[in-house]
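start.cif (mmCIF, C-alpha atoms)
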data_work
loop_
_atom_site.label_atom_id
_atom_site.label_comp_id
_atom_site.auth_asym_id
_atom_site.auth_seq_id
_atom_site.Cartn_x
_atom_site.Cartn_y
_atom_site.Cartn_z
CA MET B 1 -0.85 -77.00 31.53
CA THR B 2 -3.73 -74.85 30.31
CA LEU B 3 -7.08 -76.47 29.70
CA ARG B 4 -8.41 -75.49 26.31
CA PRO B 5 -12.11 -75.58 25.39
CA LEU B 6 -11.64 -77.94 22.44
CA GLY B 7 -15.11 -79.46 22.92
CA ILE B 8 -16.78 -76.08 22.65
CA VAL B 9 -14.65 -75.13 19.64
CA LYS B 10 -15.52 -78.45 17.99
CA GLU B 11 -19.22 -77.73 18.54
CA ILE B 12 -18.83 -74.21 17.08
CA VAL B 13 -16.89 -75.48 14.06
CA GLU B 14 -19.47 -78.21 13.39
CA SER B 15 -22.40 -75.80 13.81
CA ALA B 16 -20.73 -73.63 11.14
CA GLY B 17 -20.75 -76.64 8.78
CA MET B 18 -17.06 -77.53 9.11
CA GLY B 19 -15.03 -80.21 10.79
CA ILE B 20 -11.80 -80.56 12.71
CA SER B 21 -9.19 -82.83 11.18
CA TYR B 22 -6.49 -82.56 13.84
CA ALA B 23 -5.69 -80.70 17.05
CA TYR B 24 -2.12 -80.29 18.23
CA ASP B 25 -1.08 -78.25 21.27
CA ASP B 26 -2.70 -74.83 20.75
CA LEU B 27 -3.56 -75.30 17.06
CA VAL B 28 -6.74 -76.71 15.54
CA PHE B 29 -6.58 -77.82 11.91
CA LEU B 30 -9.84 -77.85 10.01
CA GLU B 31 -10.77 -80.30 7.27
CA HIS B 32 -9.69 -77.75 4.68
CA ASN B 33 -6.54 -75.70 5.05
CA GLY B 34 -7.90 -72.28 4.14
CA PHE B 35 -7.43 -71.34 7.76
CA LEU B 36 -6.57 -72.81 11.13
CA LEU B 37 -7.50 -71.91 14.67
CA GLN B 38 -5.24 -71.13 17.61
CA PHE B 39 -6.02 -71.04 21.31
CA VAL B 40 -4.56 -68.07 23.19
CA ASP B 41 -4.13 -67.29 26.89
CA THR B 42 -7.67 -65.92 27.15
CA PRO B 43 -9.91 -69.03 27.32
CA GLN B 44 -12.81 -67.39 25.46
CA GLU B 45 -10.66 -66.18 22.54
CA ILE B 46 -9.58 -68.04 19.41
CA LEU B 47 -7.39 -66.68 16.63
CA ILE B 48 -8.21 -67.48 13.02
CA HIS B 49 -5.06 -67.66 10.89
CA VAL B 50 -5.53 -67.58 7.11
CA ASN B 51 -3.48 -69.66 4.67
CA GLU B 52 -1.51 -67.38 2.34
CA GLU B 53 -2.76 -69.43 -0.63
CA ALA B 54 -6.44 -69.13 0.27
CA VAL B 55 -8.77 -66.97 -1.77
CA GLU B 56 -10.00 -64.62 0.95
CA ASP B 57 -13.27 -63.78 -0.77
CA GLU B 58 -14.19 -67.46 -0.63
CA LEU B 59 -13.35 -67.66 3.09
CA GLU B 60 -15.32 -64.63 4.24
CA VAL B 61 -18.59 -66.55 4.64
CA ALA B 62 -16.90 -69.34 6.63
CA LEU B 63 -15.01 -66.86 8.82
CA SER B 64 -18.19 -64.89 9.45
CA LEU B 65 -20.07 -68.10 10.38
CA LEU B 66 -17.36 -69.05 12.88
CA GLN B 67 -17.47 -65.62 14.46
CA GLN B 68 -21.26 -65.69 14.68
CA GLN B 69 -21.40 -69.21 16.11
CA GLY B 70 -18.61 -68.31 18.53
CA GLN B 71 -20.61 -65.38 19.90
CA GLU B 72 -23.57 -67.68 20.51
CA HIS B 73 -21.27 -69.89 22.63
CA GLY B 74 -19.56 -67.06 24.50
CA MET B 75 -16.36 -67.29 22.45
CA VAL B 76 -14.62 -64.61 20.40
CA PHE B 77 -12.98 -65.57 17.09
CA ASN B 78 -10.49 -62.88 16.02
CA ARG B 79 -8.41 -62.62 12.87
CA GLY B 80 -4.83 -63.67 13.40
CA LYS B 81 -1.98 -63.75 10.91
CA TYR B 82 -1.39 -65.34 7.56
CA TYR B 83 0.52 -68.61 7.44
CA LYS B 84 2.10 -70.91 4.92
CA LEU B 85 2.55 -74.66 5.01
CA SER B 86 5.49 -76.62 3.72
CA GLN B 87 6.67 -80.20 4.05
CA ALA B 88 9.36 -80.48 6.75
CA ASP B 89 10.01 -84.19 6.15
CA GLU B 90 8.05 -87.31 5.24
CA LYS B 91 5.80 -87.18 8.31
CA ASN B 92 5.80 -83.54 9.38
CA ILE B 93 4.64 -80.23 8.04
CA ARG B 94 6.08 -76.83 8.80
CA ILE B 95 3.87 -73.86 9.61
CA GLU B 96 5.30 -70.40 9.21
CA PHE B 97 3.31 -67.44 10.50
CA LEU B 98 3.85 -64.37 8.37
CA SER B 99 4.04 -60.76 9.32
CA LYS B 100 2.45 -58.28 6.92
CA LYS B 101 5.83 -57.44 5.43
CA ASP B 102 6.40 -61.15 4.62
CA PHE B 103 3.04 -61.55 2.92
CA ALA B 104 2.94 -60.72 -0.78
CA THR B 105 -0.52 -59.70 -1.95
#

Could you write out this structure as structure tokens?
Amino acid sequence: MTLRPLGIVKEIVESAGMGISYAYDDLVFLEHNGFLLQFVDTPQEILIHVNEEAVEDELEVALSLLQQQGQEHGMVFNRGKYYKLSQADEKNIRIEFLSKKDFAT
């Protein structure tokens, strides 16, 4: 089992004026679903996945803040993929990560 720096990521997210709503395995869901974070094998790296329904221009400031705050804490926040959410059943959601060919602009 890999230890993930959730405490540091929480501090970075909060210093960027956001909050974490839920963390599950390698994913970190923020209080809004414009994007989510994912831990990778490199402990100092986090991927930022963008919701396909998000207005990217509105997210740029938040993404930039995360990247800036991450640098100050020795972490690197890199752009990941796009994703879409759907309801799997009454209690669960489904996350589908999209390749560029799947994403309609």

For Ile20 (chain B), the nearest of the candidates B:Arg4, B:Leu37, B:Arg94, B:Leu47, counting only C-alpha atoms: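 Of B:Arg4, B:Leu37, B:Arg94, B:Leu47, the one nearest Ile20 (chain B), counting only C-alpha atoms, is B:Leu37.
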
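Restricting the calculation to all atoms listed in the file, the smallest distance between Glu45 (chain B) and any of B:Ser99, B:Asn78, B:Gln87, B:Ser21 is found for B:Asn78.
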
For Ile48 (chain B), the nearest of the candidates B:Arg79, B:Leu6, B:Gln68, B:Phe29, counting only C-alpha atoms: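 Using only C-alpha atoms, the shortest distance to Ile48 (chain B) belongs to B:Arg79.
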
Expansion of the PyMOL selection byres ((chain B and resi 15) around 12) into residues, as an mmCIF file with C-alpha atoms, keeping the file's coordinate frame:
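Result file selection-v8.cif:
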data_model
loop_
_atom_site.group_PDB
_atom_site.id
_atom_site.type_symbol
_atom_site.label_atom_id
_atom_site.label_comp_id
_atom_site.auth_asym_id
_atom_site.auth_seq_id
_atom_site.Cartn_x
_atom_site.Cartn_y
_atom_site.Cartn_z
ATOM 1 C CA ILE B 8 -16.780 -76.080 22.650
ATOM 2 C CA VAL B 9 -14.650 -75.130 19.640
ATOM 3 C CA LYS B 10 -15.520 -78.450 17.990
ATOM 4 C CA GLU B 11 -19.220 -77.730 18.540
ATOM 5 C CA ILE B 12 -18.830 -74.210 17.080
ATOM 6 C CA VAL B 13 -16.890 -75.480 14.060
ATOM 7 C CA GLU B 14 -19.470 -78.210 13.390
ATOM 8 C CA ALA B 16 -20.730 -73.630 11.140
ATOM 9 C CA GLY B 17 -20.750 -76.640 8.780
ATOM 10 C CA MET B 18 -17.060 -77.530 9.110
ATOM 11 C CA GLY B 19 -15.030 -80.210 10.790
ATOM 12 C CA ILE B 20 -11.800 -80.560 12.710
ATOM 13 C CA ALA B 62 -16.900 -69.340 6.630
ATOM 14 C CA LEU B 65 -20.070 -68.100 10.380
ATOM 15 C CA LEU B 66 -17.360 -69.050 12.880
ATOM 16 C CA GLN B 67 -17.470 -65.620 14.460
ATOM 17 C CA GLN B 68 -21.260 -65.690 14.680
ATOM 18 C CA GLN B 69 -21.400 -69.210 16.110
ATOM 19 C CA GLY B 70 -18.610 -68.310 18.530
ATOM 20 C CA GLU B 72 -23.570 -67.680 20.510
ATOM 21 C CA HIS B 73 -21.270 -69.890 22.630
#

Need the axis-aligned box for region 41-55 of chain B with 4 Å each side, so what are the centre and edges in Å to one decimal, as lines of an AutoDock Vina configuration file?
center_x = -7.2
center_y = -67.8
center_z = 12.8
size_x = 19.3
size_y = 11.7
size_z = 37.1

Matched chain/residue IDs from the PyMOL selection byres ((chain B and resi 31-33) around 10), as a PyMOL selection string: chain B and resi 18-22+28-30+34-36+50-51+53-54+84-85

Distance in Å - CA of Gly74 (chain B) versus CA of Asp25 (chain B):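 Value for the CA of Gly74 (chain B)-CA of Asp25 (chain B) distance: 21.8 Å.
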
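For the residues B:Leu63, B:Glu56, B:Met75, B:Ala88, ranking by smallest atom-to-atom distance to Pro5 (chain B) using all atoms listed in the file places B:Met75 first.
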
Interatomic distance, CA of Ala23 (chain B) to CA of Pro43 (chain B) (Å, one decimal): 16.1 Å

Neighbour residues at most 10 Å from (1.5, -73.7, 20.6) (all atoms listed in the file) as an MDAnalysis selection string: chainID B and resid 24:27 38:40

Atom pair CA of Gly7 (chain B) / CA of Glu52 (chain B): separation (Å):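 Here the two named atoms are 27.5 Å from each other.
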